[in-house]
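The next block is target.tsv, given as TSV, C-alpha atoms and all ligand atoms.
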```tsv
chain	number	residue	atom	x	y	z
A	1	MET	CA	9.97	-2.36	-26.80
A	2	ILE	CA	11.10	1.26	-26.96
A	3	GLU	CA	14.61	1.93	-25.64
A	4	ILE	CA	13.52	4.60	-23.24
A	5	GLU	CA	16.80	4.57	-21.30
A	6	LYS	CA	18.74	5.35	-24.47
A	7	LEU	CA	16.33	8.19	-25.27
A	8	PHE	CA	16.77	9.44	-21.72
A	9	LEU	CA	20.57	9.56	-22.02
A	10	GLU	CA	20.32	11.35	-25.35
A	11	ASN	CA	18.15	13.98	-23.65
A	12	TYR	CA	19.66	14.36	-20.22
A	13	GLY	CA	23.22	13.13	-20.80
A	14	GLN	CA	25.38	10.62	-18.92
A	15	SER	CA	25.97	10.87	-15.18
A	16	ASN	CA	26.73	8.50	-12.31
A	17	GLY	CA	23.09	8.05	-11.36
A	18	LYS	CA	21.10	5.01	-12.50
A	19	VAL	CA	18.29	5.43	-15.02
A	20	TYR	CA	15.12	3.48	-14.17
A	21	SER	CA	12.55	2.72	-16.85
A	22	PHE	CA	8.81	2.08	-16.66
A	23	PHE	CA	5.74	1.53	-18.82
A	24	SER	CA	2.11	2.50	-18.29
A	25	PRO	CA	-0.57	1.32	-20.74
A	26	GLY	CA	-3.54	3.00	-22.40
A	27	ARG	CA	-6.90	1.31	-21.97
A	28	VAL	CA	-9.93	0.36	-23.95
A	29	ASN	CA	-13.37	-0.17	-22.43
A	30	LEU	CA	-15.29	-3.13	-23.84
A	31	ILE	CA	-18.65	-2.11	-22.39
A	32	GLY	CA	-20.01	-0.13	-19.42
A	33	GLU	CA	-19.61	3.44	-20.63
A	34	HIS	CA	-20.27	6.55	-18.60
A	35	ILE	CA	-21.43	4.60	-15.57
A	36	ASP	CA	-18.26	4.41	-13.46
A	37	TYR	CA	-19.19	7.70	-11.76
A	38	SER	CA	-22.68	6.35	-11.05
A	39	GLY	CA	-21.35	3.32	-9.18
A	40	GLY	CA	-21.79	0.93	-12.10
A	41	LEU	CA	-19.95	-2.03	-13.55
A	42	VAL	CA	-17.33	-1.44	-16.22
A	43	PHE	CA	-15.33	-3.86	-18.34
A	44	PRO	CA	-12.04	-2.29	-19.47
A	45	ALA	CA	-8.69	-3.79	-20.44
A	46	ALA	CA	-5.15	-2.38	-20.54
A	47	LEU	CA	-3.41	-2.17	-23.91
A	48	THR	CA	0.16	-2.93	-24.95
A	49	ILE	CA	0.53	0.61	-26.27
A	50	GLY	CA	1.00	3.38	-23.74
A	51	ILE	CA	3.57	5.70	-22.22
A	52	TYR	CA	7.18	4.87	-21.39
A	53	GLY	CA	8.95	6.77	-18.64
A	54	ALA	CA	12.58	6.96	-17.51
A	55	ALA	CA	13.79	8.60	-14.31
A	56	ARG	CA	17.09	9.49	-12.66
A	57	TYR	CA	17.55	11.20	-9.32
A	58	ARG	CA	19.23	14.60	-9.15
A	59	ASP	CA	21.16	16.17	-6.27
A	60	ASP	CA	18.88	19.19	-5.92
A	61	ASN	CA	15.17	19.93	-5.49
A	62	LEU	CA	14.24	20.25	-9.15
A	63	ILE	CA	12.11	17.90	-11.20
A	64	ARG	CA	12.75	18.39	-14.90
A	65	MET	CA	10.35	16.69	-17.31
A	66	ARG	CA	10.46	16.26	-21.05
A	67	SER	CA	8.31	14.35	-23.51
A	68	LYS	CA	9.76	12.89	-26.71
A	69	ASN	CA	6.41	13.67	-28.35
A	70	ILE	CA	6.34	17.42	-27.70
A	71	SER	CA	9.19	19.93	-27.56
A	72	GLY	CA	9.98	21.92	-24.44
A	73	GLU	CA	10.60	21.16	-20.81
A	74	VAL	CA	8.55	21.54	-17.64
A	75	ILE	CA	10.56	22.30	-14.52
A	76	ILE	CA	9.19	21.96	-11.01
A	77	ASN	CA	10.94	23.43	-7.99
A	78	LEU	CA	10.03	21.27	-5.01
A	79	GLU	CA	10.67	24.20	-2.66
A	80	GLU	CA	7.75	26.11	-4.21
A	81	THR	CA	3.99	25.52	-4.06
A	82	LEU	CA	2.88	23.57	-7.11
A	83	GLU	CA	-0.03	25.09	-9.04
A	84	TYR	CA	-1.87	24.22	-12.24
A	85	ASN	CA	-0.49	26.29	-15.09
A	86	ASP	CA	-1.93	26.30	-18.63
A	87	GLU	CA	1.52	26.84	-20.11
A	88	ASP	CA	2.74	23.57	-18.62
A	89	ASN	CA	0.24	21.72	-20.81
A	90	TRP	CA	0.78	17.90	-20.40
A	91	GLY	CA	3.19	18.67	-17.52
A	92	ASN	CA	0.19	19.45	-15.30
A	93	TYR	CA	-0.60	15.73	-15.00
A	94	PRO	CA	2.71	14.68	-13.43
A	95	LYS	CA	2.77	17.96	-11.51
A	96	GLY	CA	-0.65	17.23	-9.98
A	97	ILE	CA	0.52	13.77	-8.92
A	98	ILE	CA	3.69	15.14	-7.33
A	99	LYS	CA	1.69	17.79	-5.47
A	100	GLU	CA	-0.76	15.17	-4.17
A	101	LEU	CA	2.08	12.90	-3.02
A	102	ILE	CA	3.69	15.82	-1.17
A	103	ASN	CA	0.32	16.59	0.46
A	104	ARG	CA	0.17	12.99	1.63
A	105	GLY	CA	3.52	13.34	3.35
A	106	HIS	CA	5.90	11.79	0.81
A	107	LYS	CA	9.39	13.29	0.66
A	108	ILE	CA	9.87	13.77	-3.07
A	109	LYS	CA	13.44	13.98	-4.35
A	110	GLY	CA	14.66	15.95	-7.36
A	111	MET	CA	14.80	13.94	-10.57
A	112	ASP	CA	14.86	14.11	-14.35
A	113	LEU	CA	11.98	12.41	-16.13
A	114	LEU	CA	11.58	11.58	-19.78
A	115	PHE	CA	8.30	10.33	-21.27
A	116	TYR	CA	7.55	8.81	-24.63
A	117	SER	CA	4.03	7.89	-25.73
A	118	ASN	CA	2.96	5.62	-28.56
A	119	LEU	CA	-0.72	6.18	-27.84
A	120	PRO	CA	-2.54	8.10	-30.55
A	121	ASP	CA	-3.05	11.64	-29.32
A	122	GLY	CA	-6.54	12.79	-28.24
A	123	ALA	CA	-7.99	9.40	-29.17
A	124	GLY	CA	-9.67	8.61	-25.88
A	125	LEU	CA	-7.41	5.69	-24.99
A	126	SER	CA	-6.59	7.30	-21.63
A	127	SER	CA	-3.25	8.92	-22.19
A	128	SER	CA	-3.91	11.23	-19.25
A	129	ALA	CA	-4.58	8.35	-16.83
A	130	ALA	CA	-1.52	6.54	-18.21
A	131	LEU	CA	0.67	9.57	-17.49
A	132	GLU	CA	-0.77	10.10	-14.02
A	133	VAL	CA	-0.40	6.46	-13.00
A	134	LEU	CA	3.08	6.29	-14.53
A	135	THR	CA	4.31	9.31	-12.54
A	136	GLY	CA	2.82	8.01	-9.30
A	137	TYR	CA	4.22	4.53	-9.85
A	138	ILE	CA	7.72	5.80	-10.69
A	139	ILE	CA	7.91	7.89	-7.53
A	140	LEU	CA	6.36	5.32	-5.20
A	141	SER	CA	8.28	2.32	-6.47
A	142	LEU	CA	11.62	4.15	-6.43
A	143	GLU	CA	10.81	5.17	-2.86
A	144	ASN	CA	9.63	1.81	-1.54
A	145	GLY	CA	10.14	-0.94	-4.07
A	146	ASN	CA	7.52	-2.38	-6.42
A	147	ASN	CA	5.05	-3.21	-3.70
A	148	VAL	CA	2.86	-0.25	-4.60
A	149	ASP	CA	-0.81	-0.42	-3.55
A	150	ARG	CA	-2.34	-0.18	-7.00
A	151	ILE	CA	-5.90	0.52	-5.85
A	152	GLU	CA	-4.69	3.42	-3.69
A	153	LEU	CA	-2.63	4.64	-6.64
A	154	SER	CA	-5.70	4.67	-8.90
A	155	LYS	CA	-7.72	6.58	-6.31
A	156	LEU	CA	-4.93	9.12	-5.87
A	157	CYS	CA	-4.70	9.65	-9.64
A	158	GLN	CA	-8.47	10.01	-10.02
A	159	ASN	CA	-8.40	12.59	-7.26
A	160	VAL	CA	-5.74	14.59	-9.12
A	161	GLU	CA	-7.75	14.44	-12.35
A	162	ASN	CA	-10.87	15.65	-10.46
A	163	LYS	CA	-9.33	18.36	-8.31
A	164	PHE	CA	-6.11	19.51	-10.01
A	165	ILE	CA	-7.01	19.00	-13.68
A	166	GLY	CA	-10.73	19.72	-13.23
A	167	VAL	CA	-12.31	16.74	-15.02
A	168	SER	CA	-14.87	14.94	-12.84
A	169	CYS	CA	-13.96	11.51	-14.22
A	170	GLY	CA	-14.76	8.21	-12.54
A	171	ILE	CA	-12.15	5.65	-11.54
A	172	MET	CA	-12.26	3.35	-14.59
A	173	ASP	CA	-9.25	4.68	-16.51
A	174	GLN	CA	-6.82	4.99	-13.62
A	175	PHE	CA	-7.92	1.59	-12.30
A	176	SER	CA	-7.42	-0.26	-15.59
A	177	VAL	CA	-4.06	1.38	-16.23
A	178	SER	CA	-2.92	0.38	-12.71
A	179	LEU	CA	-4.43	-3.10	-12.48
A	180	GLY	CA	-4.56	-4.35	-16.08
A	181	LYS	CA	-3.60	-7.97	-16.74
A	182	LYS	CA	-2.29	-9.49	-19.97
A	183	ASP	CA	-5.06	-11.12	-22.07
A	184	ASN	CA	-7.74	-10.28	-19.50
A	185	ALA	CA	-10.48	-7.70	-19.17
A	186	ILE	CA	-11.31	-6.33	-15.71
A	187	LEU	CA	-14.88	-6.57	-14.51
A	188	LEU	CA	-14.90	-3.73	-12.01
A	189	ASP	CA	-17.68	-2.67	-9.64
A	190	CYS	CA	-17.05	1.06	-9.33
A	191	ASN	CA	-19.07	1.29	-6.15
A	192	SER	CA	-17.16	-1.25	-4.05
A	193	LEU	CA	-14.01	-1.46	-6.24
A	194	TYR	CA	-14.42	-5.22	-6.15
A	195	TYR	CA	-12.96	-6.61	-9.37
A	196	GLU	CA	-12.43	-9.86	-11.25
A	197	TYR	CA	-10.29	-10.68	-14.24
A	198	VAL	CA	-12.12	-12.29	-17.17
A	199	PRO	CA	-9.94	-13.92	-19.88
A	200	LEU	CA	-10.50	-12.09	-23.14
A	201	ASP	CA	-10.98	-15.14	-25.28
A	202	LEU	CA	-12.65	-13.86	-28.44
A	203	GLY	CA	-12.73	-17.14	-30.35
A	204	ASN	CA	-12.14	-16.56	-34.06
A	205	SER	CA	-12.46	-12.83	-33.79
A	206	SER	CA	-10.24	-9.89	-32.88
A	207	LEU	CA	-10.80	-6.61	-31.13
A	208	VAL	CA	-10.14	-3.80	-33.59
A	209	ILE	CA	-9.68	-0.25	-32.32
A	210	MET	CA	-10.92	2.28	-34.85
A	211	ASN	CA	-9.62	5.80	-34.41
A	212	THR	CA	-11.99	8.33	-35.99
A	213	ASN	CA	-9.06	10.76	-35.98
A	214	LYS	CA	-11.55	13.35	-34.85
A	215	ARG	CA	-10.13	14.71	-31.62
A	216	ARG	CA	-12.42	14.56	-28.63
A	217	GLU	CA	-14.07	17.94	-28.67
A	218	LEU	CA	-15.87	19.64	-25.80
A	219	SER	CA	-15.32	16.40	-24.01
A	220	ASP	CA	-14.31	17.90	-20.68
A	221	SER	CA	-17.20	20.35	-20.36
A	222	LYS	CA	-19.78	17.93	-21.77
A	223	TYR	CA	-18.36	15.20	-19.55
A	224	ASN	CA	-18.84	17.30	-16.43
A	225	GLU	CA	-22.34	18.20	-17.65
A	226	ARG	CA	-23.29	14.51	-17.96
A	227	ARG	CA	-21.97	13.85	-14.51
A	228	SER	CA	-24.12	16.60	-12.98
A	229	GLU	CA	-27.15	15.32	-14.89
A	230	CYS	CA	-26.63	11.94	-13.21
A	231	GLU	CA	-26.29	13.61	-9.82
A	232	LYS	CA	-29.53	15.47	-10.48
A	233	ALA	CA	-31.28	12.21	-11.39
A	234	LEU	CA	-30.16	10.56	-8.16
A	235	GLU	CA	-31.31	13.57	-6.18
A	236	LEU	CA	-34.77	13.51	-7.81
A	237	ILE	CA	-35.19	9.81	-7.10
A	238	ASN	CA	-33.95	10.12	-3.51
A	239	ILE	CA	-36.35	12.98	-2.65
A	240	ASN	CA	-39.15	10.48	-3.12
A	241	LYS	CA	-37.67	7.29	-1.80
A	242	ALA	CA	-37.66	6.20	1.84
A	243	ASN	CA	-34.59	4.00	1.32
A	244	LYS	CA	-32.07	6.40	-0.13
A	245	LEU	CA	-29.89	5.13	-2.97
A	246	LYS	CA	-26.14	5.67	-2.89
A	247	ASN	CA	-25.68	5.54	-6.65
A	248	LEU	CA	-27.80	6.00	-9.75
A	249	CYS	CA	-26.93	2.45	-10.86
A	250	GLU	CA	-28.98	1.13	-7.91
A	251	ALA	CA	-32.13	2.76	-9.32
A	252	SER	CA	-34.63	0.88	-11.48
A	253	LEU	CA	-36.35	1.93	-14.69
A	254	GLU	CA	-39.56	2.17	-12.61
A	255	ASP	CA	-37.88	4.73	-10.33
A	256	VAL	CA	-36.99	6.77	-13.40
A	257	GLU	CA	-40.51	6.51	-14.74
A	258	HIS	CA	-42.12	7.49	-11.42
A	259	PHE	CA	-39.80	10.15	-10.07
A	260	ILE	CA	-38.21	11.95	-13.01
A	261	SER	CA	-40.22	14.14	-15.36
A	262	ASP	CA	-37.44	16.07	-17.16
A	263	THR	CA	-36.94	14.35	-20.54
A	264	THR	CA	-33.19	14.83	-20.68
A	265	ILE	CA	-32.55	13.57	-17.15
A	266	LYS	CA	-34.87	10.64	-17.86
A	267	LYS	CA	-32.87	9.66	-20.95
A	268	ARG	CA	-29.53	9.94	-19.13
A	269	SER	CA	-30.78	7.72	-16.30
A	270	THR	CA	-32.20	5.18	-18.72
A	271	HIS	CA	-28.76	4.80	-20.30
A	272	VAL	CA	-27.09	4.37	-16.91
A	273	ILE	CA	-29.49	1.70	-15.70
A	274	THR	CA	-29.64	-0.28	-18.95
A	275	GLU	CA	-25.87	-0.06	-19.54
A	276	ASN	CA	-25.17	-1.49	-16.10
A	277	LYS	CA	-27.37	-4.50	-16.95
A	278	ARG	CA	-25.62	-4.92	-20.30
A	279	VAL	CA	-22.24	-5.17	-18.59
A	280	LYS	CA	-23.44	-8.06	-16.41
A	281	MET	CA	-24.82	-9.84	-19.47
A	282	ALA	CA	-21.69	-9.14	-21.52
A	283	ALA	CA	-19.33	-10.52	-18.87
A	284	CYS	CA	-21.51	-13.61	-18.65
A	285	ALA	CA	-21.55	-14.00	-22.45
A	286	LEU	CA	-17.76	-13.69	-22.63
A	287	ARG	CA	-17.28	-16.27	-19.88
A	288	MET	CA	-19.52	-18.65	-21.83
A	289	GLY	CA	-17.70	-17.97	-25.10
A	290	ASP	CA	-20.86	-16.47	-26.64
A	291	ILE	CA	-19.17	-13.84	-28.79
A	292	GLU	CA	-22.29	-13.18	-30.90
A	293	ARG	CA	-24.21	-12.20	-27.79
A	294	PHE	CA	-21.33	-10.03	-26.63
A	295	GLY	CA	-21.36	-8.26	-30.01
A	296	LYS	CA	-25.12	-7.62	-29.81
A	297	LEU	CA	-24.70	-6.02	-26.38
A	298	MET	CA	-21.97	-3.77	-27.79
A	299	ILE	CA	-24.37	-2.61	-30.51
A	300	GLU	CA	-27.10	-1.89	-27.93
A	301	SER	CA	-24.59	-0.01	-25.80
A	302	HIS	CA	-23.67	2.29	-28.68
A	303	LYS	CA	-27.33	2.94	-29.47
A	304	SER	CA	-27.98	3.91	-25.87
A	305	LEU	CA	-24.92	6.19	-25.78
A	306	LYS	CA	-26.09	7.79	-28.99
A	307	GLU	CA	-29.79	8.25	-28.28
A	308	ASP	CA	-30.09	8.47	-24.51
A	309	TYR	CA	-26.71	9.68	-23.29
A	310	GLU	CA	-25.87	11.71	-26.43
A	311	VAL	CA	-22.10	11.42	-26.28
A	312	THR	CA	-21.31	9.84	-29.65
A	313	GLY	CA	-21.59	12.43	-32.44
A	314	PHE	CA	-21.27	12.28	-36.21
A	315	TYR	CA	-17.78	10.74	-36.49
A	316	LEU	CA	-18.23	7.92	-33.98
A	317	ASP	CA	-21.71	7.13	-35.31
A	318	THR	CA	-20.41	7.01	-38.87
A	319	ILE	CA	-17.51	4.69	-38.15
A	320	VAL	CA	-19.67	2.34	-36.05
A	321	SER	CA	-22.43	2.17	-38.65
A	322	GLU	CA	-19.92	1.56	-41.48
A	323	ALA	CA	-18.28	-1.18	-39.41
A	324	LEU	CA	-21.61	-2.89	-38.75
A	325	LYS	CA	-22.46	-2.97	-42.46
A	326	ILE	CA	-19.68	-5.49	-42.99
A	327	LYS	CA	-20.52	-9.17	-42.74
A	328	GLY	CA	-18.20	-10.62	-40.14
A	329	CYS	CA	-18.32	-7.57	-37.87
A	330	ILE	CA	-19.94	-9.05	-34.77
A	331	GLY	CA	-20.34	-5.84	-32.79
A	332	SER	CA	-19.14	-2.28	-32.55
A	333	ARG	CA	-19.41	0.69	-30.22
A	334	MET	CA	-17.68	3.86	-29.13
A	335	THR	CA	-15.20	3.50	-26.26
A	336	GLY	CA	-14.17	6.01	-23.59
A	337	ALA	CA	-15.66	9.44	-23.05
A	338	GLY	CA	-17.00	9.88	-26.61
A	339	PHE	CA	-17.43	13.12	-28.62
A	340	GLY	CA	-14.75	11.83	-31.03
A	341	GLY	CA	-11.83	9.52	-30.31
A	342	CYS	CA	-12.03	5.77	-30.77
A	343	ALA	CA	-14.61	3.09	-31.34
A	344	ILE	CA	-14.04	-0.66	-31.13
A	345	ALA	CA	-15.27	-3.55	-33.25
A	346	LEU	CA	-15.29	-7.31	-32.84
A	347	VAL	CA	-14.31	-8.68	-36.22
A	348	ASP	CA	-13.99	-12.19	-37.60
A	349	ASN	CA	-10.29	-12.93	-38.18
A	350	SER	CA	-10.89	-14.11	-41.76
A	351	ILE	CA	-12.03	-10.64	-42.92
A	352	LEU	CA	-9.75	-8.31	-40.96
A	353	ASP	CA	-8.02	-6.76	-44.01
A	354	GLU	CA	-11.23	-6.35	-45.97
A	355	PHE	CA	-12.87	-4.83	-42.87
A	356	GLU	CA	-10.20	-2.17	-42.43
A	357	ASN	CA	-10.06	-1.32	-46.15
A	358	THR	CA	-13.80	-0.97	-46.57
A	359	VAL	CA	-14.50	0.92	-43.33
A	360	SER	CA	-11.57	3.20	-44.05
A	361	LYS	CA	-12.77	3.98	-47.58
A	362	GLU	CA	-16.43	4.52	-46.65
A	363	TYR	CA	-15.68	6.53	-43.51
A	364	GLU	CA	-13.31	8.80	-45.40
A	365	LYS	CA	-15.85	9.26	-48.20
A	366	ILE	CA	-18.47	10.47	-45.70
A	367	THR	CA	-16.34	12.48	-43.27
A	368	GLY	CA	-13.30	13.52	-45.29
A	369	ILE	CA	-11.03	12.10	-42.56
A	370	LYS	CA	-8.82	9.04	-42.85
A	371	PRO	CA	-9.31	6.76	-39.85
A	372	GLU	CA	-6.68	4.48	-38.29
A	373	PHE	CA	-6.97	0.92	-37.09
A	374	TYR	CA	-5.10	-1.04	-34.45
A	375	VAL	CA	-5.62	-4.72	-33.78
A	376	SER	CA	-5.00	-4.51	-30.12
A	377	SER	CA	-3.24	-6.79	-27.71
A	378	ILE	CA	-4.27	-6.71	-24.09
A	379	GLY	CA	-1.37	-6.12	-21.72
A	380	ASP	CA	-0.42	-5.63	-18.08
A	381	GLY	CA	-0.98	-2.58	-15.90
A	382	VAL	CA	1.87	-0.18	-15.08
A	383	PHE	CA	5.26	-1.89	-14.46
A	384	GLN	CA	8.97	-1.29	-14.10
A	385	ILE	CA	11.01	-2.37	-17.12
A	386	ASN	CA	14.51	-2.47	-15.60
A	387	HIS	CA	15.57	-2.92	-11.96
B	1	LIG	C1	-13.56	8.84	-19.47
B	1	LIG	C2	-13.44	8.90	-17.94
B	1	LIG	C3	-13.88	7.60	-17.28
B	1	LIG	C4	-15.25	7.13	-17.82
B	1	LIG	C5	-15.29	7.19	-19.34
B	1	LIG	C6	-16.67	6.90	-19.88
B	1	LIG	O1	-12.64	7.94	-20.00
B	1	LIG	O2	-12.12	9.21	-17.55
B	1	LIG	O3	-13.89	7.74	-15.89
B	1	LIG	O4	-16.28	7.86	-17.23
B	1	LIG	O5	-14.87	8.45	-19.84
B	1	LIG	O6	-17.04	5.60	-19.58
```
As structure tokens, what does this structure read like?
Amino acid sequence: MIEIEKLFLENYGQSNGKVYSFFSPGRVNLIGEHIDYSGGLVFPAALTIGIYGAARYRDDNLIRMRSKNISGEVIINLEETLEYNDEDNWGNYPKGIIKELINRGHKIKGMDLLFYSNLPDGAGLSSSAALEVLTGYIILSLENGNNVDRIELSKLCQNVENKFIGVSCGIMDQFSVSLGKKDNAILLDCNSLYYEYVPLDLGNSSLVIMNTNKRRELSDSKYNERRSECEKALELININKANKLKNLCEASLEDVEHFISDTTIKKRSTHVITENKRVKMAACALRMGDIERFGKLMIESHKSLKEDYEVTGFYLDTIVSEALKIKGCIGSRMTGAGFGGCAIALVDNSILDEFENTVSKEYEKITGIKPEFYVSSIGDGVFQINH
């Protein structure tokens, strides 16, 4: 574990105040992509890599924030109105959380904060959700003890991402970072927020995260575009239906066929409806230990994200297709928002080294980029390291 307190003291110096340390994980989504904002089922898990944070109260109304990963400092004066500012870069995430907490009536005290991330940058493993949840958890648990309402915390963080940052994301990332559980995936119904933990027992195989090392491009604008396409689809279906649907995931393929004529909107809705079904089947397969079936559903999910939802792109498609060429790769798909970032693969333990070497070589030959691989462990949601 990183010695975040030591790093903190190196940065902010010694003083009488106590330094508290925390950790917030990244996440990976096993299946159920781009349907959280349409009220669907998702199946993410928290990772053991993520963002560390250390905090110490100050005697004034300033919040000073540094990251060990990037130079510079963001300073917030709690006596002023907090606004989004491009120059503050990553600092806008904690700033948005602090603003939201103030709006909800919390008395925020001045403090110094140091962050350190071991998540690969721009890889789609939810570093922004990890930073949001971490900031919220630090402030709330220092205020009231560790009895933080984690579902409320995820909703608050999603709200900040939507309104302050301007990305219309669903709740999946913030929820998995807040409520992750070691060695378990979370089967989450994004409509009701009902969730169950499912032990991630992968038999003789491992979950490999494959980083295309192609940063997610256009992801925010394309992401918002997909979200409006889903809203449009729901609107078109509801114009014609007596019993109005609350979410696109409640629609059937027949509804799509009957009520939507636009080809693009039709394709988007087809992905949403079929992906939601795949999640149900995948959770069932995992519970029954049917890893082969789980792998097949991953492959179908990627195909649907590629052809119907169109969020994969050259780099993700290349790495997934190279992975699937290898005997012993049971399934593979993109994970997260897409347009670059990471894919995942279920790989037989006996061929892990060969898998990485071959995929790495072939992917680099085709794209000119060297990918990275992480055999991931599944960890807990946000927590305090020292008390
Ligand atoms: C991003 C968003 C999530 C989700 C995924 C796609 O990670 O933050 O809410 O929509 O993309 O499944």
Task: Who sits within 12 Å of A:Glu275, only C-alpha atoms, same chain under 2 positions skipped, as a ChimeraX atom specification - done: /A:30-36,38-43,248-249,252-253,268-273,277-282,297-305,308-309
Task: Separation of atom CA of A:Gly136 from atom CA of A:Ile4, in Å and rounded to one decimal - done: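 Separation between atom CA of A:Gly136 and atom CA of A:Ile4: 17.9 Å.
Protein, DNA and RNA residues at most 9 Å from (7.2, 21.4, -5.0), with all atoms listed in the file, are these: Asn61, Leu62, Ile63, Ile76, Asn77, Leu78, Glu79, Glu80, Thr81, Leu82, Lys95, Ile98, Lys99, Ile102 and Ile108 of chain A.
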Residues just named, written with C-alpha atoms as a PDB file, keeping the file's coordinate frame:
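Result file is selection_12.pdb:
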```
ATOM      1  CA  ASN A  61      15.170  19.930  -5.490  1.00  0.00           C
ATOM      2  CA  LEU A  62      14.240  20.250  -9.150  1.00  0.00           C
ATOM      3  CA  ILE A  63      12.110  17.900 -11.200  1.00  0.00           C
ATOM      4  CA  ILE A  76       9.190  21.960 -11.010  1.00  0.00           C
ATOM      5  CA  ASN A  77      10.940  23.430  -7.990  1.00  0.00           C
ATOM      6  CA  LEU A  78      10.030  21.270  -5.010  1.00  0.00           C
ATOM      7  CA  GLU A  79      10.670  24.200  -2.660  1.00  0.00           C
ATOM      8  CA  GLU A  80       7.750  26.110  -4.210  1.00  0.00           C
ATOM      9  CA  THR A  81       3.990  25.520  -4.060  1.00  0.00           C
ATOM     10  CA  LEU A  82       2.880  23.570  -7.110  1.00  0.00           C
ATOM     11  CA  LYS A  95       2.770  17.960 -11.510  1.00  0.00           C
ATOM     12  CA  ILE A  98       3.690  15.140  -7.330  1.00  0.00           C
ATOM     13  CA  LYS A  99       1.690  17.790  -5.470  1.00  0.00           C
ATOM     14  CA  ILE A 102       3.690  15.820  -1.170  1.00  0.00           C
ATOM     15  CA  ILE A 108       9.870  13.770  -3.070  1.00  0.00           C
TER      16      ILE A 108
END
```
Task: Nearest-residue call for A:Met111, choices A:Val19, A:Ile165, A:Ile186, A:Leu200, using all atoms listed in the file - done: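 For A:Met111, the nearest of the given residues is A:Val19.
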Open item on the list: Just want the residues within 8 Å of ligand LIG 1 (chain B), written as an MDAnalysis selection string, counting all atoms listed in the file.
Closed with: chainID A and resid 29 32:37 42 124:126 129 167:174 223 335:338
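Counting all atoms listed in the file, the residue from A:Ser154, A:Tyr315, A:Phe164, A:Ser141 that sits nearest to A:Gly91 is A:Phe164.
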Open item on the list: Rounded to one decimal, what separation in Å do you get between atom CA of A:Asn184 and atom CA of A:Glu322?
Closed with: 27.8 Å
Open item on the list: Nearest residue to A:Ile344 out of A:Ser376, A:Ser15, A:Ser117, A:Asn386, using all atoms listed in the file?
Closed with: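 Using all atoms listed in the file, A:Ile344 sits closest to A:Ser376.
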Task: Option closest in space to A:Val359, from A:Ile239, A:Lys6, A:Asn211, A:Gly379 [counting all atoms listed in the file] - done: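 That would be A:Asn211, the residue with the smallest distance to A:Val359.
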- [ ] Pick out the residues sitting within 6 Å of stretch 22-24 of chain A, and hand them over as a PyMOL selection string; count all atoms listed in the file, and ignore anything fewer than 5 positions along from it in its own chain.
- [x] chain A and resi 50-53+130+134+382-385
Open item on the list: For a test of reading the model, state the distance in Å between atom CA of A:Arg287 and atom CA of A:Pro44, rounded to one decimal.
Closed with: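 These two atoms are separated by 14.9 Å.
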Residues near A:Leu207, anyone? I mean within 10 Å using all atoms listed in the file, not counting same-chain ones fewer than 6 positions away, as a short mmCIF file (atom, residue, chain, number, x, y, z; two decimals) with C-alpha atoms, in the frame of the given file.
```
data_model
loop_
_atom_site.label_atom_id
_atom_site.label_comp_id
_atom_site.auth_asym_id
_atom_site.auth_seq_id
_atom_site.Cartn_x
_atom_site.Cartn_y
_atom_site.Cartn_z
CA LEU A 30 -15.29 -3.13 -23.84
CA LEU A 200 -10.50 -12.09 -23.14
CA GLY A 331 -20.34 -5.84 -32.79
CA SER A 332 -19.14 -2.28 -32.55
CA ILE A 344 -14.04 -0.66 -31.13
CA ALA A 345 -15.27 -3.55 -33.25
CA LEU A 346 -15.29 -7.31 -32.84
CA VAL A 347 -14.31 -8.68 -36.22
CA ASP A 348 -13.99 -12.19 -37.60
CA ASN A 349 -10.29 -12.93 -38.18
CA TYR A 374 -5.10 -1.04 -34.45
CA VAL A 375 -5.62 -4.72 -33.78
CA SER A 376 -5.00 -4.51 -30.12
CA SER A 377 -3.24 -6.79 -27.71
CA ILE A 378 -4.27 -6.71 -24.09
#
```
TODO: For each of A:Asn204, A:Lys107, A:Asn162, A:Gly180, take the minimum atom-to-atom distance to A:Asn144, counting all atoms listed in the file, then give the residue where this is smallest.
DONE: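 Of A:Asn204, A:Lys107, A:Asn162, A:Gly180, the one nearest A:Asn144 is A:Lys107, counting all atoms listed in the file.
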Might you pull out every residue within 9 Å of A:Glu196, with only C-alpha atoms counted and same-chain residues fewer than 3 positions away left off, and present them as a compact mmCIF listing (two decimals) with C-alpha atoms, keeping the file's coordinate frame?
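Output saved as around_29.txt:
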```txt
# COMPACT_ATOMS: atom_id res chain seq x y z
CA ALA A 185 -10.48 -7.70 -19.17
CA ILE A 186 -11.31 -6.33 -15.71
CA LEU A 187 -14.88 -6.57 -14.51
CA LEU A 188 -14.90 -3.73 -12.01
```
